[in-house]
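> Sharing input.cif here; it has mmCIF, C-alpha atoms.
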data_entry
#
loop_
_atom_site.label_atom_id
_atom_site.label_comp_id
_atom_site.auth_asym_id
_atom_site.auth_seq_id
_atom_site.Cartn_x
_atom_site.Cartn_y
_atom_site.Cartn_z
CA MET A 114 0.00 0.00 0.00
CA THR A 115 1.15 3.49 -0.75
CA LEU A 116 0.77 6.16 1.88
CA LYS A 117 -0.18 9.71 0.99
CA GLN A 118 2.00 12.70 1.85
CA THR A 119 1.12 14.72 4.93
CA PRO A 120 -0.03 18.15 3.74
CA SER A 121 2.07 21.24 4.27
CA GLN A 122 0.83 24.09 6.47
CA THR A 123 2.17 27.58 6.99
CA VAL A 124 5.16 28.10 9.26
CA GLY A 125 3.14 30.97 10.74
CA PRO A 126 4.52 34.12 12.34
CA TYR A 127 5.88 32.53 15.55
CA PHE A 128 8.51 30.05 14.39
CA ALA A 129 11.56 31.91 15.70
CA TYR A 130 11.80 30.50 19.22
CA GLY A 131 11.50 26.99 17.81
CA LEU A 132 13.57 27.09 14.63
CA CYS A 133 16.14 29.87 15.08
CA PRO A 134 16.03 30.84 18.78
CA ASP A 135 19.64 32.12 19.06
CA GLN A 136 19.16 34.69 16.32
CA TYR A 137 16.02 36.03 18.02
CA ARG A 138 17.50 35.66 21.53
CA TYR A 139 15.13 33.12 22.97
CA GLU A 140 16.18 30.78 25.73
CA MET A 141 16.91 27.78 23.58
CA THR A 142 19.97 26.75 21.61
CA SER A 143 19.73 26.83 17.83
CA LEU A 144 20.51 23.59 16.03
CA PHE A 145 21.53 25.56 12.97
CA ASP A 146 23.52 28.76 12.80
CA VAL A 147 22.73 31.84 10.70
CA SER A 148 25.79 31.08 8.57
CA PRO A 149 26.67 27.80 6.84
CA ILE A 150 30.42 28.29 7.38
CA SER A 151 32.83 28.51 10.29
CA ALA A 152 35.76 30.84 11.00
CA ASN A 153 38.28 28.65 9.17
CA THR A 154 36.25 27.40 6.21
CA PRO A 155 38.35 27.43 3.04
CA GLY A 156 37.00 29.38 0.08
CA GLU A 157 36.22 32.90 -1.07
CA ARG A 158 34.31 34.84 1.57
CA ILE A 159 31.15 36.45 0.29
CA THR A 160 28.15 38.21 1.77
CA VAL A 161 24.70 37.99 0.26
CA ILE A 162 22.28 40.67 1.40
CA GLY A 163 18.77 39.59 0.63
CA GLN A 164 15.30 40.92 1.01
CA ILE A 165 11.92 39.31 0.38
CA LEU A 166 9.22 41.60 -1.03
CA ASP A 167 5.50 40.87 -1.06
CA GLY A 168 3.14 41.73 -3.91
CA ASP A 169 3.00 45.33 -2.71
CA GLY A 170 6.79 45.66 -2.68
CA ILE A 171 6.94 45.65 1.11
CA ALA A 172 9.83 43.82 2.77
CA ILE A 173 8.59 40.78 4.67
CA GLY A 174 9.73 40.68 8.28
CA ASP A 175 8.44 37.27 9.32
CA ALA A 176 9.95 35.00 6.71
CA LEU A 177 12.46 32.21 7.23
CA VAL A 178 15.14 31.36 4.69
CA GLU A 179 17.06 28.10 4.74
CA VAL A 180 20.20 27.82 2.65
CA LEU A 181 21.93 24.64 1.52
CA GLN A 182 25.12 24.93 -0.46
CA ALA A 183 28.19 23.07 -1.64
CA ASP A 184 31.69 23.74 -0.32
CA HIS A 185 34.28 25.68 -2.29
CA GLU A 186 35.07 22.59 -4.36
CA GLY A 187 31.44 21.98 -5.24
CA ARG A 188 30.84 19.09 -2.84
CA TYR A 189 27.60 18.77 -0.94
CA LEU A 190 28.29 17.71 2.62
CA THR A 191 26.25 14.64 3.44
CA THR A 192 28.21 13.10 6.32
CA ARG A 193 29.78 14.23 9.57
CA ASN A 194 33.21 13.49 8.14
CA ALA A 195 32.57 15.63 5.11
CA ILE A 196 31.49 18.50 7.36
CA SER A 197 34.65 18.20 9.46
CA GLU A 198 36.87 18.09 6.41
CA ALA A 199 35.17 21.02 4.70
CA ARG A 200 35.05 22.92 8.01
CA MET A 201 31.52 24.05 7.26
CA GLN A 202 28.00 22.89 7.98
CA GLY A 203 26.71 23.75 4.50
CA PHE A 204 23.27 24.65 5.80
CA CYS A 205 21.85 27.58 7.73
CA ARG A 206 18.66 29.32 8.72
CA ILE A 207 17.99 33.03 8.83
CA GLY A 208 14.78 34.76 9.85
CA THR A 209 14.05 38.20 8.42
CA GLY A 210 12.75 39.51 11.74
CA THR A 211 15.89 40.78 13.47
CA ASP A 212 17.15 43.23 10.85
CA PRO A 213 15.52 46.70 10.88
CA GLN A 214 15.11 46.54 7.10
CA HIS A 215 13.90 42.94 7.22
CA ARG A 216 16.90 41.72 5.29
CA PHE A 217 18.64 38.41 5.60
CA ILE A 218 22.41 38.76 5.61
CA LEU A 219 24.24 35.61 4.66
CA HIS A 220 27.95 35.34 5.41
CA THR A 221 29.32 32.38 3.51
CA ILE A 222 31.80 31.22 0.90
CA LYS A 223 31.22 31.09 -2.81
CA PRO A 224 30.27 27.47 -3.55
CA GLY A 225 32.20 25.60 -6.22
CA LYS A 226 30.62 24.01 -9.28
CA SER A 227 28.85 20.86 -8.14
CA ALA A 228 28.55 19.44 -11.67
CA PRO A 229 29.95 20.31 -15.11
CA ASP A 230 26.59 21.80 -16.13
CA SER A 231 26.01 23.61 -12.85
CA ALA A 232 27.13 27.15 -12.02
CA PRO A 233 27.91 28.13 -8.41
CA HIS A 234 24.63 28.61 -6.60
CA LEU A 235 22.85 28.52 -3.26
CA ASN A 236 19.70 26.43 -2.75
CA LEU A 237 16.97 28.20 -0.82
CA ILE A 238 13.82 27.18 0.97
CA VAL A 239 11.58 30.15 1.66
CA MET A 240 8.69 30.05 4.11
CA MET A 241 6.55 32.60 5.89
CA ARG A 242 3.18 33.43 7.34
CA GLY A 243 0.85 33.66 4.37
CA MET A 244 2.42 30.73 2.54
CA LEU A 245 0.73 27.39 3.07
CA LEU A 246 3.72 25.60 1.64
CA HIS A 247 7.36 26.54 1.29
CA ALA A 248 9.01 27.47 -1.98
CA PHE A 249 12.32 26.34 -3.50
CA THR A 250 14.56 28.74 -5.33
CA ARG A 251 18.24 29.36 -6.08
CA ILE A 252 20.69 32.23 -5.95
CA TYR A 253 23.28 32.49 -8.72
CA PHE A 254 25.99 35.16 -9.03
CA ASP A 255 26.29 37.77 -11.77
CA ASP A 256 30.11 37.56 -11.83
CA GLU A 257 29.86 33.93 -12.95
CA ALA A 258 28.37 34.75 -16.36
CA PRO A 259 30.15 32.02 -18.38
CA ALA A 260 29.21 29.33 -15.86
CA ASN A 261 25.66 30.65 -15.65
CA GLN A 262 25.32 30.34 -19.41
CA GLY A 263 26.10 26.64 -19.14
CA ASP A 264 23.88 25.96 -16.15
CA ALA A 265 21.22 23.36 -16.90
CA VAL A 266 18.74 24.66 -14.36
CA LEU A 267 19.07 28.30 -15.40
CA ASN A 268 18.70 27.21 -19.00
CA SER A 269 15.43 25.48 -18.15
CA VAL A 270 14.01 28.85 -17.07
CA PRO A 271 12.49 31.20 -19.67
CA GLU A 272 15.25 33.62 -20.59
CA LYS A 273 13.50 36.79 -19.44
CA ARG A 274 12.99 35.36 -15.95
CA ARG A 275 16.56 34.11 -15.39
CA THR A 276 17.74 37.39 -13.93
CA THR A 277 15.35 36.89 -11.00
CA LEU A 278 17.73 34.16 -9.81
CA VAL A 279 20.97 36.11 -10.10
CA ALA A 280 22.47 38.14 -7.24
CA ARG A 281 24.20 41.37 -8.24
CA ARG A 282 27.69 42.06 -7.03
CA GLN A 283 28.13 45.42 -5.38
CA PRO A 284 30.83 47.45 -7.13
CA GLY A 285 34.01 48.11 -5.21
CA HIS A 286 37.10 46.45 -3.82
CA GLY A 287 37.36 44.02 -0.96
CA PRO A 288 35.31 40.93 -0.17
CA ALA A 289 32.40 40.36 -2.53
CA VAL A 290 29.00 41.62 -1.45
CA TYR A 291 25.96 40.59 -3.48
CA HIS A 292 22.42 41.86 -3.36
CA PHE A 293 19.45 39.64 -4.04
CA THR A 294 15.79 40.59 -3.95
CA LEU A 295 13.17 37.90 -3.80
CA HIS A 296 9.93 39.10 -5.33
CA MET A 297 7.06 36.89 -4.24
CA GLN A 298 4.84 38.42 -6.92
CA GLY A 299 4.76 41.05 -9.64
CA GLU A 300 6.57 41.61 -12.91
CA GLN A 301 9.86 40.53 -11.43
CA GLU A 302 8.42 37.55 -9.56
CA THR A 303 11.27 35.27 -8.59
CA VAL A 304 11.39 31.87 -10.23
CA PHE A 305 10.39 29.11 -7.85
CA PHE A 306 11.03 25.48 -8.64
CA ASP A 307 9.05 22.31 -8.36
CA LEU A 308 11.83 20.29 -6.77
CA MET B 75 19.11 0.62 -15.09
CA THR B 76 17.29 2.40 -12.33
CA GLU B 77 18.25 5.12 -9.93
CA ALA B 78 16.46 6.04 -6.73
CA LEU B 79 14.96 9.50 -6.98
CA LEU B 80 12.90 11.52 -4.60
CA SER B 81 9.22 11.10 -5.43
CA PRO B 82 7.48 14.27 -6.62
CA ARG B 83 5.38 16.56 -4.47
CA ASP B 84 1.82 15.28 -4.43
CA TRP B 85 -0.14 18.33 -5.51
CA ASP B 86 -3.41 16.64 -4.49
CA ALA B 87 -2.12 16.56 -0.91
CA HIS B 88 -0.78 20.07 -0.45
CA PRO B 89 -2.56 23.42 -0.27
CA PRO B 90 -2.14 26.00 -3.05
CA TYR B 91 0.10 29.03 -2.66
CA ILE B 92 -2.86 31.37 -2.87
CA HIS B 93 -5.98 30.56 -0.89
CA PRO B 94 -8.11 33.74 -0.66
CA PRO B 95 -9.90 32.88 2.64
CA TYR B 96 -6.41 32.95 4.24
CA GLY B 97 -5.94 36.64 3.53
CA SER B 98 -2.18 37.03 3.70
CA THR B 99 -1.65 34.43 0.96
CA ALA B 100 -3.02 36.96 -1.54
CA ARG B 101 0.12 39.15 -1.62
CA ARG B 102 2.69 36.56 -0.57
CA GLY B 103 2.06 33.42 -2.60
CA PRO B 104 3.86 33.04 -5.92
CA THR B 105 1.48 33.48 -8.86
CA GLN B 106 3.53 31.99 -11.70
CA ALA B 107 3.78 28.29 -12.39
CA LEU B 108 6.69 26.54 -10.71
CA ILE B 109 9.51 25.58 -13.03
CA PRO B 110 10.10 21.82 -12.92
CA MET B 111 13.55 21.02 -11.54
CA ARG B 112 15.29 18.33 -13.56
CA GLU B 113 14.78 14.94 -11.97
CA GLN B 114 18.42 14.40 -11.06
CA MET B 115 18.31 17.52 -8.89
CA ARG B 116 15.87 15.84 -6.58
CA ASN B 117 18.62 13.77 -5.02
CA LEU B 118 20.11 16.63 -3.05
CA LYS B 119 20.31 15.39 0.53
CA ALA B 120 19.00 17.02 3.67
CA PRO B 121 21.49 18.79 5.96
CA VAL B 122 23.47 16.74 8.45
CA TYR B 123 22.78 16.81 12.19
CA GLY B 124 22.95 14.22 14.92
CA SER B 125 21.92 13.21 18.41
CA GLU B 126 24.95 15.02 19.85
CA ASP B 127 23.29 18.28 18.79
CA LEU B 128 20.28 17.67 21.03
CA GLY B 129 19.89 18.19 24.75
CA PRO B 130 18.44 15.52 27.05
CA LEU B 131 15.22 17.49 27.67
CA ASP B 132 14.72 18.81 24.15
CA HIS B 133 11.77 16.45 23.58
CA ASP B 134 10.09 17.27 26.91
CA LEU B 135 8.34 20.62 26.71
CA THR B 136 6.98 20.15 30.24
CA ARG B 137 10.54 20.31 31.61
CA ASN B 138 12.82 22.00 29.08
CA ALA B 139 12.01 25.57 30.16
CA VAL B 140 11.09 25.16 33.80
CA LYS B 141 11.95 28.13 36.03
CA ASN B 142 10.10 27.65 39.31
CA GLY B 143 7.41 25.02 38.76
CA ILE B 144 5.69 22.87 36.20
CA PRO B 145 3.81 24.36 33.22
CA LEU B 146 0.07 24.79 33.56
CA GLY B 147 -2.28 22.91 31.29
CA GLU B 148 -3.38 19.48 30.21
CA ARG B 149 -0.28 17.29 29.93
CA ILE B 150 -0.19 15.22 26.73
CA ILE B 151 2.08 12.77 24.93
CA VAL B 152 2.43 13.28 21.20
CA THR B 153 4.04 10.44 19.31
CA GLY B 154 4.01 8.87 15.89
CA ARG B 155 6.11 7.53 13.07
CA VAL B 156 7.77 9.32 10.21
CA LEU B 157 7.43 7.21 7.10
CA ASP B 158 7.79 7.67 3.39
CA GLU B 159 5.08 6.88 0.88
CA ARG B 160 6.29 3.29 0.61
CA GLN B 161 5.83 2.87 4.39
CA ARG B 162 9.57 2.87 4.94
CA PRO B 163 10.45 4.31 8.37
CA ILE B 164 12.64 7.40 8.23
CA ALA B 165 15.12 6.87 11.04
CA ASN B 166 17.29 9.53 12.73
CA THR B 167 15.38 12.37 11.17
CA LEU B 168 14.90 15.63 12.99
CA VAL B 169 11.42 16.57 14.22
CA GLU B 170 11.08 20.12 15.54
CA VAL B 171 7.90 21.42 17.18
CA TRP B 172 6.65 24.72 18.54
CA GLN B 173 3.30 25.70 19.94
CA ALA B 174 1.23 28.08 22.08
CA ASN B 175 0.89 27.44 25.80
CA ALA B 176 -2.28 26.10 27.41
CA ALA B 177 -3.78 29.60 27.44
CA GLY B 178 -3.26 30.06 23.71
CA ARG B 179 -0.27 32.39 23.98
CA TYR B 180 3.04 32.06 22.15
CA VAL B 181 6.33 33.07 23.72
CA HIS B 182 7.15 34.90 20.47
CA LYS B 183 7.57 38.65 21.00
CA ALA B 184 5.18 39.41 18.14
CA ASP B 185 2.28 37.59 19.84
CA THR B 186 0.22 40.26 21.58
CA HIS B 187 -2.80 38.12 22.44
CA ASP B 188 -4.07 39.08 25.89
CA ALA B 189 -3.55 35.68 27.46
CA PRO B 190 -0.94 34.87 30.11
CA LEU B 191 2.55 33.65 29.37
CA ASP B 192 3.64 30.66 31.42
CA PRO B 193 7.03 31.27 33.06
CA ASN B 194 7.70 27.52 32.97
CA PHE B 195 6.82 26.89 29.35
CA LEU B 196 8.67 27.90 26.19
CA GLY B 197 6.73 25.72 23.77
CA ALA B 198 9.61 24.50 21.60
CA GLY B 199 11.02 21.01 21.34
CA ARG B 200 12.85 18.62 19.05
CA CYS B 201 13.97 15.03 18.78
CA LEU B 202 15.32 12.51 16.34
CA THR B 203 13.25 9.55 15.19
CA ASP B 204 14.40 6.10 16.28
CA SER B 205 15.20 3.17 14.00
CA GLU B 206 11.47 2.62 13.39
CA GLY B 207 10.90 6.26 12.53
CA ARG B 208 9.21 6.98 15.84
CA TYR B 209 9.32 10.31 17.65
CA CYS B 210 7.81 11.24 21.01
CA PHE B 211 7.14 14.55 22.77
CA LEU B 212 5.77 15.33 26.18
CA THR B 213 3.98 18.69 26.30
CA VAL B 214 0.77 20.45 27.30
CA LYS B 215 -2.21 20.81 25.01
CA PRO B 216 -1.96 24.18 23.25
CA GLY B 217 -4.89 26.56 23.60
CA ALA B 218 -6.90 28.13 20.80
CA TYR B 219 -6.16 31.78 20.09
CA PRO B 220 -7.59 34.63 18.05
CA TRP B 221 -5.94 36.01 14.93
CA ALA B 222 -6.62 38.88 12.60
CA ASN B 223 -7.53 37.02 9.39
CA HIS B 224 -11.25 37.82 9.58
CA PRO B 225 -13.69 39.03 12.27
CA ASN B 226 -13.75 36.70 15.26
CA ALA B 227 -11.16 34.36 13.76
CA TRP B 228 -9.71 31.69 16.06
CA ARG B 229 -7.07 29.11 15.29
CA PRO B 230 -7.88 25.55 16.33
CA ASN B 231 -5.52 23.91 18.82
CA HIS B 232 -2.41 22.91 16.93
CA ILE B 233 1.28 22.07 17.21
CA HIS B 234 3.68 23.20 14.49
CA PHE B 235 5.96 20.48 13.06
CA SER B 236 9.11 20.88 10.98
CA LEU B 237 10.86 17.92 9.32
CA PHE B 238 13.63 17.36 6.82
CA GLY B 239 13.42 13.70 5.89
CA GLU B 240 16.33 12.38 3.88
CA TYR B 241 16.35 14.91 1.06
CA PHE B 242 16.45 18.66 0.65
CA GLY B 243 13.21 18.21 -1.30
CA SER B 244 11.44 16.16 1.37
CA ARG B 245 11.25 19.17 3.69
CA LEU B 246 7.88 19.50 5.37
CA VAL B 247 6.48 22.15 7.68
CA THR B 248 3.00 21.35 8.87
CA GLN B 249 0.61 21.58 11.80
CA MET B 250 -0.90 18.80 13.88
CA TYR B 251 -4.50 19.26 14.95
CA PHE B 252 -6.64 17.49 17.54
CA PRO B 253 -9.61 15.20 16.85
CA GLY B 254 -13.10 16.66 17.16
CA ASP B 255 -11.98 20.30 17.29
CA PRO B 256 -15.03 22.36 16.20
CA LEU B 257 -12.77 25.22 15.07
CA LEU B 258 -11.35 23.11 12.23
CA ALA B 259 -14.47 23.77 10.17
CA HIS B 260 -13.84 27.52 10.43
CA ASP B 261 -10.07 27.63 9.99
CA PRO B 262 -8.90 28.81 6.55
CA ILE B 263 -5.41 27.39 7.11
CA PHE B 264 -6.73 23.89 7.73
CA GLN B 265 -9.46 24.30 5.12
CA GLY B 266 -6.93 25.58 2.58
CA THR B 267 -5.76 22.00 2.16
CA PRO B 268 -7.54 19.76 -0.36
CA ALA B 269 -10.52 18.09 1.35
CA GLN B 270 -9.29 14.56 0.80
CA SER B 271 -5.99 15.18 2.61
CA ARG B 272 -7.11 17.26 5.62
CA ASP B 273 -7.66 14.28 7.92
CA ARG B 274 -3.96 13.44 7.63
CA MET B 275 -3.20 16.47 9.80
CA ILE B 276 -5.47 15.38 12.65
CA SER B 277 -3.93 13.32 15.44
CA ARG B 278 -5.89 10.51 17.05
CA LEU B 279 -6.44 9.91 20.73
CA SER B 280 -4.73 6.67 21.75
CA LEU B 281 -5.35 4.90 25.01
CA ASP B 282 -2.32 2.72 24.27
CA VAL B 283 -0.12 5.81 24.26
CA THR B 284 -1.97 7.40 27.17
CA GLN B 285 -0.19 6.94 30.50
CA ALA B 286 -2.74 6.12 33.19
CA GLY B 287 -3.05 8.84 35.78
CA TYR B 288 -0.48 11.04 33.99
CA ALA B 289 -1.07 12.19 30.42
CA LEU B 290 -3.40 11.62 27.47
CA GLY B 291 -1.70 10.24 24.38
CA TYR B 292 -2.12 11.37 20.79
CA GLU B 293 -0.71 9.64 17.74
CA PHE B 294 0.29 11.51 14.62
CA ASP B 295 2.08 9.78 11.77
CA ILE B 296 3.85 11.93 9.21
CA ILE B 297 4.35 10.83 5.62
CA LEU B 298 7.23 12.46 3.74
CA ARG B 299 8.40 12.22 0.19
CA GLY B 300 10.88 9.38 -0.15
CA ALA B 301 13.02 7.73 -2.78
CA HIS B 302 11.37 5.66 -5.45
CA ALA B 303 12.97 3.73 -8.23
CA THR B 304 12.51 5.24 -11.63
CA PRO B 305 14.04 4.55 -15.04
CA MET B 306 17.21 6.58 -15.32
CA GLU B 307 17.12 9.28 -17.93
CA ARG B 308 19.56 8.86 -20.75
#
Before we go any further, please render this structure as structure tokens.


Amino acid sequence: MTLKQTPSQTVGPYFAYGLCPDQYRYEMTSLFDVSPISANTPGERITVIGQILDGDGIAIGDALVEVLQADHEGRYLTTRNAISEARMQGFCRIGTGTDPQHRFILHTIKPGKSAPDSAPHLNLIVMMRGMLLHAFTRIYFDDEAPANQGDAVLNSVPEKRRTTLVARRQPGHGPAVYHFTLHMQGEQETVFFDL
Amino acid sequence: MTEALLSPRDWDAHPPYIHPPYGSTARRGPTQALIPMREQMRNLKAPVYGSEDLGPLDHDLTRNAVKNGIPLGERIIVTGRVLDERQRPIANTLVEVWQANAAGRYVHKADTHDAPLDPNFLGAGRCLTDSEGRYCFLTVKPGAYPWANHPNAWRPNHIHFSLFGEYFGSRLVTQMYFPGDPLLAHDPIFQGTPAQSRDRMISRLSLDVTQAGYALGYEFDIILRGAHATPMER
């Protein structure tokens, strides 16, 4: 007999003390940090500054973003040993409720290419009050144009919508800072995937 | 040749992104069709964690935040199995829960409902499933509470659940409800789910789980997407 999937329900507005208590300063220890790396993780340090806008263009302050990424050599970390060797967890959670502008600020390393037809990218799960089920998306990087052109997933997206998945590097010297706006709706609605 | 791949999301089981009776979906749910991810991408695994990450009282919400006494409310046991669609137990998977206290108040700073906080109750817990996919929490029954969706709107008693399963794509965030709750008929979050799948979110009272003289027991099994064998694309 085949069992049927349990339905999804909204994460609601009050997830923080359960899912990311350290970030919101509740009296519980977080299982997952707000960054997927540690102090000595090898790789190019980057910061991604993100914001999630609703259909009215208003930044959403009660969303939760989960990020899963490969290490700097493009390996996904699926065992304890791999995590120790890569010196990074590869996964993190950030709520948008502790930043005054409702941003999520991700301090990480640029992931390597995980496959020949895959450009460096971050995998995101986005959830919030007002969404009955979470959404999958990705963040690519605009300074990886040649790799992006060969990326199988990006190429499966209608061309005019691909830019919704690409973070823009802030001009200037020093460590790379990217900006990424997630539009839940509207003309620039971010591409979400059926994973 | 076959390769195990994560089974697809069952769109007859899950609610839509936009469900007008749940007002805040209107400006937050994506409106464009999802882009199918190529099948091979479904094999991305869930993040790694382990029992060493958990504290000894993490599963016991009646004790994990005690300050000067025991939490008020009706003590309950909530247990069940995490399985995939082929009835395979999902062992060592993380189950995280959070809920309102017995008075219907969340610890969260954004909850302004005029009901008392309980100094001895946080309302958050977590555990890993055992080799048979079983989890177990000890807690108090959460109260109903009002919300601003429509005039005189009240949420039915519920416990929030968060699970990963084995894959990045098997992630599930859901809510467990209680049998016979008259508010279910009026709740747009519960009712936003296709009619044929709603009952899967309702726990059942179990006298086998109930501990005599101590706590009522509720069973709630959770079915996640799991691997299925499919012809490999060439």

> Leaving out Gly168 (chain A) and any residue of its chain fewer than 6 positions from it, which residues lie within 9 Å of it when counting only C-alpha atoms, given as a PyMOL selection string?

(chain A and resi 296-299+302) or (chain B and resi 100-104)

> Using only C-alpha atoms, find the one residue out of B:Gln173, B:Gln285, B:Asn166, B:Asn223 that sits nearest to Asp261 (chain B).

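Looking at the shortest contact to Asp261 (chain B), the residue is B:Asn223.
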
> Near chain A, meaning an atom within 7 Å, which residues of chain B appear when counting only C-alpha atoms? Write them as number ranges by chain.

B: 84, 87-91, 98-99, 101-105, 108-111, 116, 119, 121-122, 127, 159-161, 171-172, 182, 198-199, 243, 246-249, 271, 274-275, 296-299

> I need the residue set behind the PyMOL selection byres ((chain A and resi 254) around 9) for this file; please write it as a list of chain:residue names.

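Applying the expression gives A:Ala232, A:Pro233, A:His234, A:Ile252, A:Tyr253, A:Asp255, A:Asp256, A:Glu257, A:Ala258, A:Asn261, A:Leu278, A:Val279, A:Ala280, A:Arg281, A:Arg282, A:Tyr291.
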
> Taking all atoms listed in the file into account, name the residue in B:Met115, B:Leu237, B:Val181, B:Ala174 that is nearest to Pro220 (chain B).

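Of B:Met115, B:Leu237, B:Val181, B:Ala174, the one nearest Pro220 (chain B) is B:Ala174, counting all atoms listed in the file.
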
> Would you kindly place N, CA and C atoms on region 179-201 of chain A and return the model as a short mmCIF file (atom, residue, chain, number, x, y, z; two decimals), keeping the file's coordinate frame?


data_model
loop_
_atom_site.label_atom_id
_atom_site.label_comp_id
_atom_site.auth_asym_id
_atom_site.auth_seq_id
_atom_site.Cartn_x
_atom_site.Cartn_y
_atom_site.Cartn_z
N GLU A 179 16.08 29.15 4.48
CA GLU A 179 17.06 28.10 4.74
C GLU A 179 17.94 27.97 3.51
N VAL A 180 19.24 27.85 3.75
CA VAL A 180 20.20 27.82 2.65
C VAL A 180 21.01 26.53 2.73
N LEU A 181 21.07 25.83 1.63
CA LEU A 181 21.93 24.64 1.52
C LEU A 181 22.88 24.89 0.37
N GLN A 182 24.16 24.66 0.60
CA GLN A 182 25.12 24.93 -0.46
C GLN A 182 26.28 23.94 -0.42
N ALA A 183 27.00 23.90 -1.54
CA ALA A 183 28.19 23.07 -1.64
C ALA A 183 29.39 23.81 -1.05
N ASP A 184 30.46 23.09 -0.79
CA ASP A 184 31.69 23.74 -0.32
C ASP A 184 32.42 24.38 -1.50
N HIS A 185 33.61 24.91 -1.23
CA HIS A 185 34.28 25.68 -2.29
C HIS A 185 34.73 24.80 -3.46
N GLU A 186 34.73 23.49 -3.25
CA GLU A 186 35.07 22.59 -4.36
C GLU A 186 33.82 21.97 -4.98
N GLY A 187 32.67 22.45 -4.60
CA GLY A 187 31.44 21.98 -5.24
C GLY A 187 30.86 20.71 -4.65
N ARG A 188 31.35 20.32 -3.46
CA ARG A 188 30.84 19.09 -2.84
C ARG A 188 29.73 19.42 -1.85
N TYR A 189 28.63 18.68 -1.96
CA TYR A 189 27.60 18.77 -0.94
C TYR A 189 28.00 17.88 0.23
N LEU A 190 27.77 18.37 1.42
CA LEU A 190 28.29 17.71 2.62
C LEU A 190 27.18 16.84 3.21
N THR A 191 27.33 15.54 3.06
CA THR A 191 26.25 14.64 3.44
C THR A 191 26.63 13.73 4.61
N THR A 192 27.82 13.90 5.15
CA THR A 192 28.21 13.10 6.32
C THR A 192 28.94 14.00 7.32
N ARG A 193 29.02 13.52 8.54
CA ARG A 193 29.78 14.23 9.57
C ARG A 193 31.23 14.44 9.15
N ASN A 194 31.82 13.39 8.58
CA ASN A 194 33.21 13.49 8.14
C ASN A 194 33.40 14.58 7.10
N ALA A 195 32.47 14.62 6.16
CA ALA A 195 32.57 15.63 5.11
C ALA A 195 32.49 17.03 5.71
N ILE A 196 31.63 17.19 6.70
CA ILE A 196 31.49 18.50 7.36
C ILE A 196 32.77 18.88 8.09
N SER A 197 33.38 17.90 8.77
CA SER A 197 34.65 18.20 9.46
C SER A 197 35.74 18.57 8.47
N GLU A 198 35.81 17.82 7.39
CA GLU A 198 36.87 18.09 6.41
C GLU A 198 36.69 19.43 5.73
N ALA A 199 35.44 19.75 5.39
CA ALA A 199 35.17 21.02 4.70
C ALA A 199 35.16 22.20 5.66
N ARG A 200 35.13 21.90 6.96
CA ARG A 200 35.05 22.92 8.01
C ARG A 200 33.87 23.87 7.79
N MET A 201 32.76 23.28 7.36
CA MET A 201 31.52 24.05 7.26
C MET A 201 30.33 23.11 7.35
#
